[in-house]
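What follows is a single structure, written as structure tokens, with notes after it.
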Amino acid sequence: MPDLKTGRPSLLADVDVPAEPKAGEGRPVDLSKHRRLILASVGALLAIGVLAYVLGGAVAARRNDPGVASRIRAVIDSETGELIREYSVPDGASLPWKNPRSGRATLYPAATCYWTREGKAKLDPTYVLLNEDVGKPGATICPDCGRTVVPHNPMPPTDLLIEAAEAAKAGRK
Ligand SMILES: [Zn+2]
């Protein structure tokens with residue numbers, strides 16, 4: 001209402017101090033906008049960092065030798081529970097794969113669970129042998145967190161992974 005502003009007695013104009021801070025209110029709003037932008041950028045960068053961290057091993061392995069390394073995977077021995085993180089799958093071999101230590105065909109690809117018991121994410125997964133792979137009935141339960149593990153087990157949400165990456169970073173300091 002322009003009439004109210006212009007219609008004020010000139011004496012009151014000096015009293016009308018809030019006009020100054022009001023004009024300045026624009027700044028905090030802009031700042032919070034900036035903060036939001038910065039936070040979003042940081043979040044995106046962290047998400048990329050987490051993905052790079054998690055996928056780093058596999059990508060690096062593939063870079064070394066595309067022919068062989070693409071067939072390197074984490075496997076579990078169904079008899080001993082032994083975990084082999086980087087097992088080179090023999091060409092054309094069908095499941096179960098042969099364990100070089102025992103000479104027995106008892107190796108199955110391991111599923112990965114990135115959940116903690118507290119419902120947070122972790123960057124170092126628990127490797128789990130799937131019941132369906134070894135012909136056992138029922139759902140496979142992660143021995144670490146108690147969640148159900150399925151083939152191509154999904155990762156926890158990105159924000160939880162970012163939280164885990166930040167916690168790991170803080171722990172390293
Ligand atoms: Zn788990």
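Naming works like this for the structure tokens: A, B, ... for the chains as they're shown, residue 1 at the start of each chain, ligands 1 onward in shown order.
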
Give the residues close to ligand 1, within 9 Å, counting only C-alpha atoms and all ligand atoms; write them as a ChimeraX atom specification.
/A:112-117,125-128,141-149

Using only C-alpha atoms, pick whichever of A:Leu95, A:Ile72, A:Ala121, A:Val42 has the shortest atom-to-atom distance to A:Pro156.
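Nearest to A:Pro156: A:Ala121.
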
List every residue of stretch 93-162 of chain A that DSSP, applied to the backbone of this structure, places in alpha helix (DSSP H), and write the result as a PyMOL selection string.
chain A and resi 158-162

Name the closest residue to A:Ser78 among the candidates A:Ala47, A:Met155, A:Ala165, A:Ala110; distances are taken between atoms, counting only C-alpha atoms.
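Between A:Ala47, A:Met155, A:Ala165, A:Ala110, the residue approaching A:Ser78 most closely is A:Ala110.
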
Non-local contacts of A:Asp133 (12 Å; only C-alpha atoms; under 4 positions in same chain excluded) as an MDAnalysis selection string
chainID A and resid 75:78 95:97 106:111 128:129 137:140 150:151

Restricting to only C-alpha atoms, whichever of A:Glu86, A:Asp124, A:Leu37, A:Glu163 is closest to A:Val54 is A:Asp124
